[in-house]
>>> print(open('start.tsv').read())   # TSV, C-alpha atoms
chain	number	residue	atom	x	y	z
G	1	MET	CA	118.37	168.49	82.65
G	2	SER	CA	116.35	169.93	85.55
G	3	PRO	CA	112.95	168.41	86.36
G	4	VAL	CA	109.77	170.01	85.06
G	5	GLU	CA	106.67	170.56	87.20
G	6	ILE	CA	103.22	171.01	85.67
G	7	ARG	CA	101.03	173.16	87.91
G	8	ARG	CA	98.12	175.56	87.80
G	9	ALA	CA	99.11	178.97	86.53
G	10	THR	CA	99.07	181.93	88.90
G	11	ALA	CA	98.70	185.61	88.14
G	12	ASP	CA	102.48	185.90	88.44
G	13	ASP	CA	102.82	183.58	85.41
G	14	ILE	CA	100.82	185.84	83.10
G	15	PRO	CA	103.78	187.74	81.58
G	16	ALA	CA	105.58	184.49	80.73
G	17	ILE	CA	102.41	182.90	79.30
G	18	VAL	CA	101.66	185.93	77.14
G	19	ALA	CA	105.25	186.00	75.91
G	20	MET	CA	104.91	182.36	74.81
G	21	LEU	CA	101.56	183.07	73.14
G	22	ALA	CA	103.11	185.98	71.22
G	23	ASP	CA	106.26	184.10	70.19
G	24	ASP	CA	105.19	182.84	66.78
G	25	PRO	CA	103.87	184.40	63.56
G	26	LEU	CA	100.21	183.84	64.42
G	27	GLY	CA	100.51	184.94	68.04
G	28	ALA	CA	102.60	187.98	67.20
G	29	ALA	CA	99.70	189.30	65.15
G	30	ARG	CA	97.08	188.88	67.89
G	31	GLU	CA	98.79	189.10	71.29
G	32	THR	CA	99.85	192.33	72.99
G	33	PRO	CA	102.39	191.66	75.75
G	34	ASP	CA	102.79	195.42	76.29
G	35	ASP	CA	99.34	195.66	77.90
G	36	LEU	CA	98.70	192.81	80.34
G	37	ARG	CA	95.43	194.22	81.72
G	38	PRO	CA	93.11	192.15	79.47
G	39	TYR	CA	95.10	189.02	80.29
G	40	HIS	CA	94.75	189.64	84.02
G	41	GLU	CA	90.99	190.13	83.58
G	42	ALA	CA	90.76	186.89	81.60
G	43	PHE	CA	92.88	185.09	84.19
G	44	GLU	CA	90.45	186.09	86.95
G	45	ARG	CA	87.54	184.59	84.97
G	46	ILE	CA	89.53	181.42	84.30
G	47	ALA	CA	90.65	181.06	87.92
G	48	ALA	CA	87.06	181.47	89.18
G	49	ASP	CA	85.70	178.65	86.96
G	50	PRO	CA	86.35	175.11	88.26
G	51	ASN	CA	86.05	173.73	84.71
G	52	GLN	CA	89.02	175.77	83.50
G	53	HIS	CA	92.57	174.55	84.02
G	54	LEU	CA	95.29	176.94	82.87
G	55	VAL	CA	98.61	175.28	83.58
G	56	VAL	CA	102.29	176.00	83.17
G	57	ALA	CA	105.25	173.69	82.89
G	58	VAL	CA	107.96	175.11	85.12
G	59	ARG	CA	111.69	174.42	85.20
G	60	GLU	CA	113.93	176.10	87.77
G	61	GLY	CA	111.11	178.48	88.68
G	62	GLN	CA	110.50	179.62	85.10
G	63	PRO	CA	107.40	178.83	83.01
G	64	ILE	CA	108.58	177.10	79.84
G	65	GLY	CA	105.27	175.72	78.56
G	66	THR	CA	101.56	176.27	78.93
G	67	LEU	CA	98.15	174.99	77.92
G	68	HIS	CA	94.54	175.67	78.77
G	69	LEU	CA	92.24	172.71	79.44
G	70	SER	CA	88.47	173.33	79.50
G	71	VAL	CA	86.00	170.72	80.72
G	72	ILE	CA	82.58	170.89	79.09
G	73	PRO	CA	79.60	168.77	80.13
G	74	GLY	CA	77.19	168.10	77.30
G	75	LEU	CA	74.09	166.25	76.20
G	76	SER	CA	75.43	164.87	72.92
G	77	ARG	CA	77.03	161.44	72.82
G	78	ARG	CA	74.78	160.32	75.68
G	79	GLY	CA	75.86	163.07	78.04
G	80	THR	CA	79.57	162.89	77.30
G	81	VAL	CA	81.85	165.18	79.24
G	82	ARG	CA	84.59	166.43	76.97
G	83	SER	CA	87.68	168.51	77.39
G	84	ILE	CA	89.20	170.96	74.99
G	85	ILE	CA	92.92	171.65	74.88
G	86	GLU	CA	93.77	175.19	73.80
G	87	ALA	CA	96.73	177.57	73.63
G	88	VAL	CA	99.49	174.97	73.79
G	89	ARG	CA	102.82	176.76	73.73
G	90	ILE	CA	106.40	175.77	74.47
G	91	HIS	CA	109.10	178.37	75.07
G	92	SER	CA	111.27	178.64	71.96
G	93	ASP	CA	114.43	177.81	73.95
G	94	VAL	CA	113.15	174.35	74.90
G	95	ARG	CA	111.21	173.18	71.86
G	96	SER	CA	111.92	169.65	70.61
G	97	GLU	CA	112.81	168.43	74.12
G	98	GLY	CA	109.59	166.44	74.60
G	99	LEU	CA	107.81	169.02	76.74
G	100	GLY	CA	104.88	169.30	74.33
G	101	THR	CA	104.32	165.55	74.59
G	102	ARG	CA	104.49	165.78	78.36
G	103	LEU	CA	101.95	168.62	78.49
G	104	ILE	CA	99.49	166.89	76.17
G	105	THR	CA	99.88	163.62	78.06
G	106	TRP	CA	99.17	165.52	81.29
G	107	ALA	CA	96.05	167.07	79.72
G	108	VAL	CA	94.72	163.70	78.54
G	109	GLU	CA	95.32	162.07	81.92
G	110	GLU	CA	93.80	165.04	83.76
G	111	SER	CA	90.79	164.81	81.45
G	112	ARG	CA	90.32	161.16	82.42
G	113	THR	CA	90.63	162.05	86.10
G	114	LEU	CA	87.98	164.75	85.66
G	115	GLY	CA	85.54	162.25	84.10
G	116	CYS	CA	85.91	163.23	80.46
G	117	GLN	CA	85.25	160.65	77.77
G	118	LEU	CA	86.58	162.73	74.88
G	119	VAL	CA	89.47	165.16	74.39
G	120	GLN	CA	89.38	167.68	71.56
G	121	LEU	CA	91.73	170.30	70.27
G	122	THR	CA	92.05	172.59	67.31
G	123	SER	CA	95.14	173.68	65.47
G	124	ASP	CA	95.45	176.43	62.90
G	125	VAL	CA	95.51	175.02	59.37
G	126	THR	CA	98.94	176.54	58.79
G	127	ARG	CA	100.56	174.60	61.67
G	128	VAL	CA	101.39	171.47	59.69
G	129	ASP	CA	104.12	170.35	62.11
G	130	ALA	CA	101.68	170.62	65.01
G	131	HIS	CA	99.17	168.47	63.09
G	132	ARG	CA	101.78	165.71	62.72
G	133	PHE	CA	102.63	166.06	66.42
G	134	TYR	CA	98.99	165.63	67.52
G	135	GLU	CA	98.45	162.71	65.15
G	136	ARG	CA	101.56	161.04	66.55
G	137	LEU	CA	99.95	161.32	70.01
G	138	GLY	CA	96.80	159.53	68.80
G	139	PHE	CA	94.56	162.46	67.86
G	140	GLU	CA	92.78	162.23	64.54
G	141	ALA	CA	91.68	165.06	62.27
G	142	SER	CA	87.99	164.22	62.36
G	143	HIS	CA	86.23	167.57	61.92
G	144	LEU	CA	86.49	170.80	60.00
G	145	GLY	CA	86.40	173.78	62.35
G	146	PHE	CA	84.86	177.20	61.82
G	147	LYS	CA	85.27	180.50	63.66
G	148	LEU	CA	83.40	183.76	63.63
G	149	SER	CA	85.09	186.77	65.18
G	150	LEU	CA	82.71	188.97	67.13
>>> encode(input="start.tsv", output="structure tokens")
Amino acid sequence: MSPVEIRRATADDIPAIVAMLADDPLGAARETPDDLRPYHEAFERIAADPNQHLVVAVREGQPIGTLHLSVIPGLSRRGTVRSIIEAVRIHSDVRSEGLGTRLITWAVEESRTLGCQLVQLTSDVTRVDAHRFYERLGFEASHLGFKLSL
């Protein structure tokens, strides 16, 4: 098996990232890979913010995984800096090869390097397999999340 590199995403990675985001029942309903303009605009905002880390896992020049790590300074918990892991996706051709574990491990270690004392993530309530995966990696379901679409 070829080695995998985890690196910052570039604008050239956007089509592959969007394809991974759209490649499941939830993503298919909310992502639009036919129009990449809003993704390019979002990428520019992400790339300009030093607290945002959009990464891809690349094998043989092809993105096969992605996640977005946000670092958030705060006052609560005595000024704890936390990170949030979002949009974790693995290309369907390489799922169950351990790449998800590698990406999450990278995100946790990067969070430590960046001075975070807490790592958070959310997972849709319907993603039961993902919940087991995160629990296996040491995350605990400690909160109930809420969203409000604007």
>>> residues_around(input="start.tsv", residues="stretch 146-149 of chain G", least_positions_apart="2", cutoff="12 Å", atoms="only C-alpha atoms", output="PDB file with C-alpha atoms, keeping the file's coordinate frame")
ATOM      1  CA  THR G 122      92.050 172.590  67.310  1.00  0.00           C
ATOM      2  CA  SER G 123      95.140 173.680  65.470  1.00  0.00           C
ATOM      3  CA  ASP G 124      95.450 176.430  62.900  1.00  0.00           C
ATOM      4  CA  VAL G 125      95.510 175.020  59.370  1.00  0.00           C
ATOM      5  CA  HIS G 143      86.230 167.570  61.920  1.00  0.00           C
ATOM      6  CA  LEU G 144      86.490 170.800  60.000  1.00  0.00           C
TER       7      LEU G 144
END
>>> residues_around(input="start.tsv", residues="G:Cys116", least_positions_apart="2", cutoff="9 Å", atoms="all atoms listed in the file", output="ChimeraX atom specification")
/G:71-73,80-83,110-114,118-119
>>> closest_atom_pairs(input="start.tsv", of="stretch 24-118 of chain G", to="stretch 1-18 of chain G", cutoff="6 Å", atoms="all atoms listed in the file", output="CSV")
residue,atom,partner,partner_atom,distance
G:Pro33,CA,G:Val18,CA,5.9
G:Leu54,CA,G:Ala9,CA,5.7
G:Val55,CA,G:Arg8,CA,4.3
G:Val56,CA,G:Ala9,CA,5.5
G:Ala57,CA,G:Ile6,CA,4.4
G:Val58,CA,G:Glu5,CA,5.2
G:Arg59,CA,G:Val4,CA,4.8
>>> atom_distance(input="start.tsv", atom1="atom CA of G:Asp24", atom2="atom CA of G:Thr126")
11.9 Å
>>> atom_distance(input="start.tsv", atom1="atom CA of G:Thr101", atom2="atom CA of G:Gly74")
27.4 Å
>>> atom_distance(input="start.tsv", atom1="atom CA of G:Ser76", atom2="atom CA of G:Trp106")
25.2 Å
>>> closest_residue(input="start.tsv", among="G:Leu26, G:Met20, G:Leu121, G:Leu69", to="G:Glu135", atoms="only C-alpha atoms")
G:Leu121
>>> decode(input="start.tsv", residues="stretch 69-94 of chain G", atoms="N, CA, C and O atoms", output="PDB file, in the first residue's frame")
ATOM      1  N   LEU G  69     -10.081  21.285  10.971  1.00  0.00           N
ATOM      2  CA  LEU G  69      -9.763  21.503  12.375  1.00  0.00           C
ATOM      3  C   LEU G  69      -9.794  23.001  12.655  1.00  0.00           C
ATOM      4  O   LEU G  69      -9.080  23.767  12.002  1.00  0.00           O
ATOM      5  N   SER G  70     -10.634  23.421  13.590  1.00  0.00           N
ATOM      6  CA  SER G  70     -10.729  24.828  13.981  1.00  0.00           C
ATOM      7  C   SER G  70     -10.213  24.980  15.408  1.00  0.00           C
ATOM      8  O   SER G  70     -10.573  24.201  16.287  1.00  0.00           O
ATOM      9  N   VAL G  71      -9.385  25.988  15.624  1.00  0.00           N
ATOM     10  CA  VAL G  71      -8.856  26.283  16.949  1.00  0.00           C
ATOM     11  C   VAL G  71      -9.590  27.507  17.483  1.00  0.00           C
ATOM     12  O   VAL G  71      -9.662  28.537  16.808  1.00  0.00           O
ATOM     13  N   ILE G  72     -10.133  27.370  18.693  1.00  0.00           N
ATOM     14  CA  ILE G  72     -10.967  28.422  19.256  1.00  0.00           C
ATOM     15  C   ILE G  72     -10.476  28.773  20.659  1.00  0.00           C
ATOM     16  O   ILE G  72     -10.602  27.974  21.592  1.00  0.00           O
ATOM     17  N   PRO G  73      -9.929  29.985  20.836  1.00  0.00           N
ATOM     18  CA  PRO G  73      -9.592  30.414  22.188  1.00  0.00           C
ATOM     19  C   PRO G  73     -10.873  30.780  22.925  1.00  0.00           C
ATOM     20  O   PRO G  73     -11.850  31.215  22.305  1.00  0.00           O
ATOM     21  N   GLY G  74     -10.884  30.583  24.212  1.00  0.00           N
ATOM     22  CA  GLY G  74     -12.099  30.894  24.975  1.00  0.00           C
ATOM     23  C   GLY G  74     -11.792  31.306  26.395  1.00  0.00           C
ATOM     24  O   GLY G  74     -10.671  31.168  26.879  1.00  0.00           O
ATOM     25  N   LEU G  75     -12.802  31.806  27.069  1.00  0.00           N
ATOM     26  CA  LEU G  75     -12.679  32.176  28.473  1.00  0.00           C
ATOM     27  C   LEU G  75     -13.075  31.042  29.405  1.00  0.00           C
ATOM     28  O   LEU G  75     -12.539  30.919  30.503  1.00  0.00           O
ATOM     29  N   SER G  76     -14.027  30.211  28.974  1.00  0.00           N
ATOM     30  CA  SER G  76     -14.498  29.146  29.863  1.00  0.00           C
ATOM     31  C   SER G  76     -13.387  28.137  30.119  1.00  0.00           C
ATOM     32  O   SER G  76     -12.410  28.056  29.373  1.00  0.00           O
ATOM     33  N   ARG G  77     -13.558  27.402  31.191  1.00  0.00           N
ATOM     34  CA  ARG G  77     -12.560  26.416  31.614  1.00  0.00           C
ATOM     35  C   ARG G  77     -11.203  27.065  31.839  1.00  0.00           C
ATOM     36  O   ARG G  77     -10.174  26.556  31.411  1.00  0.00           O
ATOM     37  N   ARG G  78     -11.234  28.253  32.429  1.00  0.00           N
ATOM     38  CA  ARG G  78     -10.014  28.989  32.781  1.00  0.00           C
ATOM     39  C   ARG G  78      -9.188  29.349  31.548  1.00  0.00           C
ATOM     40  O   ARG G  78      -7.975  29.235  31.535  1.00  0.00           O
ATOM     41  N   GLY G  79      -9.879  29.774  30.507  1.00  0.00           N
ATOM     42  CA  GLY G  79      -9.187  30.230  29.305  1.00  0.00           C
ATOM     43  C   GLY G  79      -8.714  29.115  28.390  1.00  0.00           C
ATOM     44  O   GLY G  79      -7.767  29.281  27.630  1.00  0.00           O
ATOM     45  N   THR G  80      -9.409  27.990  28.435  1.00  0.00           N
ATOM     46  CA  THR G  80      -9.024  26.840  27.621  1.00  0.00           C
ATOM     47  C   THR G  80      -9.112  27.160  26.138  1.00  0.00           C
ATOM     48  O   THR G  80     -10.076  27.746  25.662  1.00  0.00           O
ATOM     49  N   VAL G  81      -8.083  26.739  25.425  1.00  0.00           N
ATOM     50  CA  VAL G  81      -8.111  26.757  23.970  1.00  0.00           C
ATOM     51  C   VAL G  81      -8.584  25.378  23.536  1.00  0.00           C
ATOM     52  O   VAL G  81      -8.061  24.359  23.979  1.00  0.00           O
ATOM     53  N   ARG G  82      -9.596  25.356  22.689  1.00  0.00           N
ATOM     54  CA  ARG G  82     -10.137  24.081  22.236  1.00  0.00           C
ATOM     55  C   ARG G  82     -10.056  24.000  20.730  1.00  0.00           C
ATOM     56  O   ARG G  82      -9.932  25.006  20.049  1.00  0.00           O
ATOM     57  N   SER G  83     -10.129  22.790  20.237  1.00  0.00           N
ATOM     58  CA  SER G  83     -10.243  22.607  18.790  1.00  0.00           C
ATOM     59  C   SER G  83     -11.517  21.833  18.512  1.00  0.00           C
ATOM     60  O   SER G  83     -12.015  21.088  19.362  1.00  0.00           O
ATOM     61  N   ILE G  84     -12.021  22.061  17.327  1.00  0.00           N
ATOM     62  CA  ILE G  84     -13.215  21.356  16.870  1.00  0.00           C
ATOM     63  C   ILE G  84     -12.864  20.657  15.566  1.00  0.00           C
ATOM     64  O   ILE G  84     -12.338  21.281  14.643  1.00  0.00           O
ATOM     65  N   ILE G  85     -13.161  19.380  15.512  1.00  0.00           N
ATOM     66  CA  ILE G  85     -12.953  18.589  14.308  1.00  0.00           C
ATOM     67  C   ILE G  85     -14.286  18.512  13.576  1.00  0.00           C
ATOM     68  O   ILE G  85     -15.295  18.118  14.158  1.00  0.00           O
ATOM     69  N   GLU G  86     -14.268  18.885  12.311  1.00  0.00           N
ATOM     70  CA  GLU G  86     -15.479  18.891  11.490  1.00  0.00           C
ATOM     71  C   GLU G  86     -15.207  18.203  10.158  1.00  0.00           C
ATOM     72  O   GLU G  86     -14.058  18.075   9.730  1.00  0.00           O
ATOM     73  N   ALA G  87     -16.284  17.837   9.490  1.00  0.00           N
ATOM     74  CA  ALA G  87     -16.262  17.387   8.091  1.00  0.00           C
ATOM     75  C   ALA G  87     -15.219  16.301   7.829  1.00  0.00           C
ATOM     76  O   ALA G  87     -14.453  16.375   6.878  1.00  0.00           O
ATOM     77  N   VAL G  88     -15.205  15.294   8.677  1.00  0.00           N
ATOM     78  CA  VAL G  88     -14.299  14.159   8.476  1.00  0.00           C
ATOM     79  C   VAL G  88     -14.905  13.267   7.397  1.00  0.00           C
ATOM     80  O   VAL G  88     -16.039  12.807   7.533  1.00  0.00           O
ATOM     81  N   ARG G  89     -14.147  13.048   6.354  1.00  0.00           N
ATOM     82  CA  ARG G  89     -14.622  12.171   5.281  1.00  0.00           C
ATOM     83  C   ARG G  89     -13.462  11.345   4.748  1.00  0.00           C
ATOM     84  O   ARG G  89     -12.345  11.837   4.603  1.00  0.00           O
ATOM     85  N   ILE G  90     -13.768  10.099   4.424  1.00  0.00           N
ATOM     86  CA  ILE G  90     -12.825   9.182   3.804  1.00  0.00           C
ATOM     87  C   ILE G  90     -13.437   8.739   2.476  1.00  0.00           C
ATOM     88  O   ILE G  90     -14.626   8.393   2.424  1.00  0.00           O
ATOM     89  N   HIS G  91     -12.624   8.742   1.426  1.00  0.00           N
ATOM     90  CA  HIS G  91     -13.110   8.317   0.117  1.00  0.00           C
ATOM     91  C   HIS G  91     -13.659   6.899   0.232  1.00  0.00           C
ATOM     92  O   HIS G  91     -13.067   6.030   0.880  1.00  0.00           O
ATOM     93  N   SER G  92     -14.785   6.652  -0.408  1.00  0.00           N
ATOM     94  CA  SER G  92     -15.462   5.350  -0.276  1.00  0.00           C
ATOM     95  C   SER G  92     -14.588   4.178  -0.702  1.00  0.00           C
ATOM     96  O   SER G  92     -14.755   3.073  -0.199  1.00  0.00           O
ATOM     97  N   ASP G  93     -13.631   4.384  -1.600  1.00  0.00           N
ATOM     98  CA  ASP G  93     -12.769   3.295  -2.057  1.00  0.00           C
ATOM     99  C   ASP G  93     -11.748   2.845  -1.012  1.00  0.00           C
ATOM    100  O   ASP G  93     -11.174   1.765  -1.157  1.00  0.00           O
ATOM    101  N   VAL G  94     -11.521   3.667   0.006  1.00  0.00           N
ATOM    102  CA  VAL G  94     -10.473   3.326   0.980  1.00  0.00           C
ATOM    103  C   VAL G  94     -10.978   3.278   2.420  1.00  0.00           C
ATOM    104  O   VAL G  94     -10.186   3.270   3.358  1.00  0.00           O
TER     105      VAL G  94
END
